[in-house]
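File shown: start.tsv. Contents: TSV, C-alpha atoms.
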chain	number	residue	atom	x	y	z
X	735	MET	CA	12.18	3.62	12.99
X	736	LEU	CA	12.56	7.08	11.46
X	737	LYS	CA	12.34	10.35	13.37
X	738	ILE	CA	10.52	11.99	10.45
X	739	LYS	CA	7.76	10.32	8.42
X	740	LYS	CA	5.51	11.23	5.52
X	741	LYS	CA	2.74	13.77	6.40
X	742	ASP	CA	4.64	15.06	9.48
X	743	LYS	CA	4.79	18.79	10.06
X	744	ILE	CA	8.36	20.11	10.26
X	745	VAL	CA	10.34	23.34	10.60
X	746	VAL	CA	13.55	24.11	8.66
X	747	LEU	CA	16.55	24.84	10.90
X	748	SER	CA	19.03	26.32	8.41
X	749	GLY	CA	19.46	27.47	4.84
X	750	LYS	CA	17.49	29.83	2.59
X	751	ASP	CA	14.15	28.60	3.97
X	752	LYS	CA	15.10	28.89	7.66
X	753	LYS	CA	12.14	28.99	10.13
X	754	LYS	CA	9.63	28.00	7.42
X	755	GLN	CA	7.18	25.21	8.18
X	756	GLY	CA	5.75	22.58	5.87
X	757	GLU	CA	4.44	19.06	5.47
X	758	VAL	CA	6.69	16.16	4.47
X	759	LEU	CA	5.80	14.77	1.03
X	760	GLY	CA	8.46	12.07	0.86
X	761	VAL	CA	11.29	10.52	2.85
X	762	PHE	CA	14.49	8.96	1.47
X	763	PRO	CA	16.16	7.21	4.45
X	764	ASN	CA	19.06	5.74	2.46
X	765	GLU	CA	20.11	9.22	1.30
X	766	GLY	CA	19.08	11.01	4.53
X	767	LYS	CA	16.81	13.45	2.69
X	768	VAL	CA	13.19	14.62	2.78
X	769	ILE	CA	10.94	16.50	0.38
X	770	VAL	CA	8.81	19.20	2.02
X	771	SER	CA	5.88	21.04	0.44
X	772	LYS	CA	6.69	24.57	-0.74
X	773	ILE	CA	10.20	24.49	0.74
X	774	ASN	CA	13.51	24.34	-1.19
X	775	SER	CA	11.68	24.90	-4.48
X	776	VAL	CA	13.82	24.96	-7.61
X	777	LYS	CA	13.11	25.67	-11.27
X	778	ARG	CA	13.56	22.91	-13.82
X	779	HIS	CA	13.68	23.44	-17.57
X	780	THR	CA	11.87	20.49	-19.18
X	781	LYS	CA	11.43	19.54	-22.81
X	782	PRO	CA	7.88	19.04	-24.07
X	783	THR	CA	6.62	15.46	-24.41
X	784	GLN	CA	3.32	13.97	-25.57
X	785	LYS	CA	1.93	14.19	-22.02
X	786	ASN	CA	3.77	17.27	-20.69
X	787	PRO	CA	3.85	20.68	-22.45
X	788	GLY	CA	7.31	21.43	-21.02
X	789	GLY	CA	8.70	24.82	-20.06
X	790	ILE	CA	10.05	26.10	-16.76
X	791	LEU	CA	8.51	24.09	-13.92
X	792	GLU	CA	8.91	24.83	-10.23
X	793	ARG	CA	9.11	21.88	-7.84
X	794	GLU	CA	10.53	20.90	-4.47
X	795	ALA	CA	14.06	19.53	-4.23
X	796	PRO	CA	15.20	17.10	-1.52
X	797	LEU	CA	16.43	18.64	1.73
X	798	ALA	CA	18.86	17.09	4.22
X	799	MET	CA	17.07	15.42	7.15
X	800	SER	CA	19.54	17.07	9.55
X	801	LYS	CA	18.23	20.51	8.53
X	802	VAL	CA	14.64	19.83	9.63
X	803	MET	CA	12.99	19.20	13.00
X	804	LEU	CA	9.64	17.63	13.80
X	805	ILE	CA	6.84	19.82	15.17
X	806	CYS	CA	4.74	18.13	17.87
X	807	PRO	CA	1.04	18.16	16.89
X	808	LYS	CA	-0.03	18.51	20.55
X	809	CYS	CA	2.17	21.36	21.88
X	810	ASN	CA	3.03	22.88	18.46
X	811	LYS	CA	6.75	23.17	19.34
X	812	ALA	CA	9.75	21.83	17.44
X	813	SER	CA	11.38	18.97	19.31
X	814	ARG	CA	13.58	15.97	18.64
X	815	PRO	CA	11.42	12.92	19.35
X	816	LYS	CA	12.52	10.15	21.67
X	817	PHE	CA	11.55	6.53	21.22
X	818	ASP	CA	9.69	4.49	23.84
X	819	LYS	CA	8.25	1.00	23.86
X	820	LEU	CA	4.63	0.46	24.82
X	821	SER	CA	3.49	-2.41	27.04
X	822	ASP	CA	2.69	-4.51	23.95
X	823	GLY	CA	6.27	-4.03	22.66
X	824	LYS	CA	5.40	-1.51	19.93
X	825	LYS	CA	7.97	1.29	19.39
X	826	VAL	CA	6.53	4.84	19.28
X	827	ARG	CA	7.80	8.41	18.94
X	828	VAL	CA	7.30	10.64	21.98
X	829	CYS	CA	7.64	14.45	22.23
X	830	ARG	CA	10.41	15.47	24.63
X	831	LYS	CA	8.64	18.71	25.62
X	832	CYS	CA	5.07	17.57	26.39
X	833	GLY	CA	5.43	13.77	26.64
X	834	GLU	CA	2.66	13.01	24.12
X	835	ILE	CA	2.86	10.11	21.68
X	836	ILE	CA	3.36	11.32	18.08
X	837	VAL	CA	1.31	9.29	15.63

Before we go any further, please render this structure as structure tokens.
Amino acid sequence: MLKIKKKDKIVVLSGKDKKKQGEVLGVFPNEGKVIVSKINSVKRHTKPTQKNPGGILEREAPLAMSKVMLICPKCNKASRPKFDKLSDGKKVRVCRKCGEIIV
């Protein structure tokens, strides 16, 4: 189970976008990277195609998973989640600060 999933709210811990918050658009567990909306944006020069007019496009680049921390939706604080098992054996993420289950 991953600490960070798609549609989670996170805060950046280091780098040029330090202390900025955003929503996770994609997770790449094999590479240990995440893509976050409006964070780590880079400019790409693309050639025009039949579908795309080309030009200088701005998009988000992958960010190391170690540079981001999950924000608890209940207490609105950044915390590293812990993992607990429910009575039915299902594994869930739990906030270390408020004890709420993170869905």

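Restricting the calculation to all atoms listed in the file, the smallest distance between Lys777 of chain X and any of X:Pro815, X:Gly789, X:Pro763, X:Pro796 is found for X:Gly789.
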
task = Select, from X:Val768, X:Ala798, X:Val746, X:Leu736, the residue with the minimum atom-to-atom distance to Arg827 of chain X, counting only C-alpha atoms.
result =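 Going through X:Val768, X:Ala798, X:Val746, X:Leu736 one by one, the smallest distance to Arg827 of chain X is for X:Leu736.
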
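From atom CA of Met803 of chain X back to atom CA of Lys831 of chain X, the distance works out to 13.4 Å.
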
request  = Could you check which of X:Glu834, X:Asp822, X:Glu794, X:Asp742 is closest to Ile769 of chain X, using all atoms listed in the file?
outcome  =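 Looking only at the distances to Ile769 of chain X, the closest residue turns out to be X:Glu794.
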
remark   = Correct to one decimal, the distance atom CA of Lys824 of chain X-atom CA of Val745 of chain X is 27.0 Å

Hey, what's within 10 Å of Cys806 of chain X if we count only C-alpha atoms and toss same-chain stuff fewer than 2 positions away? As a PDB file with C-alpha atoms, in the frame of the given file, please?
ATOM      1  CA  ASP X 742       4.640  15.060   9.480  1.00  0.00           C
ATOM      2  CA  LYS X 743       4.790  18.790  10.060  1.00  0.00           C
ATOM      3  CA  ILE X 744       8.360  20.110  10.260  1.00  0.00           C
ATOM      4  CA  MET X 803      12.990  19.200  13.000  1.00  0.00           C
ATOM      5  CA  LEU X 804       9.640  17.630  13.800  1.00  0.00           C
ATOM      6  CA  LYS X 808      -0.030  18.510  20.550  1.00  0.00           C
ATOM      7  CA  CYS X 809       2.170  21.360  21.880  1.00  0.00           C
ATOM      8  CA  ASN X 810       3.030  22.880  18.460  1.00  0.00           C
ATOM      9  CA  LYS X 811       6.750  23.170  19.340  1.00  0.00           C
ATOM     10  CA  ALA X 812       9.750  21.830  17.440  1.00  0.00           C
ATOM     11  CA  SER X 813      11.380  18.970  19.310  1.00  0.00           C
ATOM     12  CA  ARG X 814      13.580  15.970  18.640  1.00  0.00           C
ATOM     13  CA  PRO X 815      11.420  12.920  19.350  1.00  0.00           C
ATOM     14  CA  VAL X 828       7.300  10.640  21.980  1.00  0.00           C
ATOM     15  CA  CYS X 829       7.640  14.450  22.230  1.00  0.00           C
ATOM     16  CA  ARG X 830      10.410  15.470  24.630  1.00  0.00           C
ATOM     17  CA  LYS X 831       8.640  18.710  25.620  1.00  0.00           C
ATOM     18  CA  CYS X 832       5.070  17.570  26.390  1.00  0.00           C
ATOM     19  CA  GLY X 833       5.430  13.770  26.640  1.00  0.00           C
ATOM     20  CA  GLU X 834       2.660  13.010  24.120  1.00  0.00           C
ATOM     21  CA  ILE X 835       2.860  10.110  21.680  1.00  0.00           C
ATOM     22  CA  ILE X 836       3.360  11.320  18.080  1.00  0.00           C
ATOM     23  CA  VAL X 837       1.310   9.290  15.630  1.00  0.00           C
TER      24      VAL X 837
END

request  = Grab the atom CA of Glu757 of chain X to atom CA of Lys741 of chain X distance for me, in Å with one decimal place.
outcome  = 5.6 Å

Kindly provide, as JSON, the centre and edge lengths (Å, one decimal) of an axis-aligned box around all atoms of segment 774-786 of chain X given in the file, with 4 Å on each side.
{"center_x": 7.9, "center_y": 19.8, "center_z": -13.4, "size_x": 19.9, "size_y": 19.7, "size_z": 32.4}

inquiry  = Need to verify the contact set: Arg793 of chain X, 12 Å, all atoms listed in the file, exclusion of same-chain residues closer than 6 positions in sequence. Can you return it as JSON, numbers by chain?
reply    = {"X": [759, 769, 770, 771, 772, 773, 774, 775, 776, 777, 778, 779, 780]}
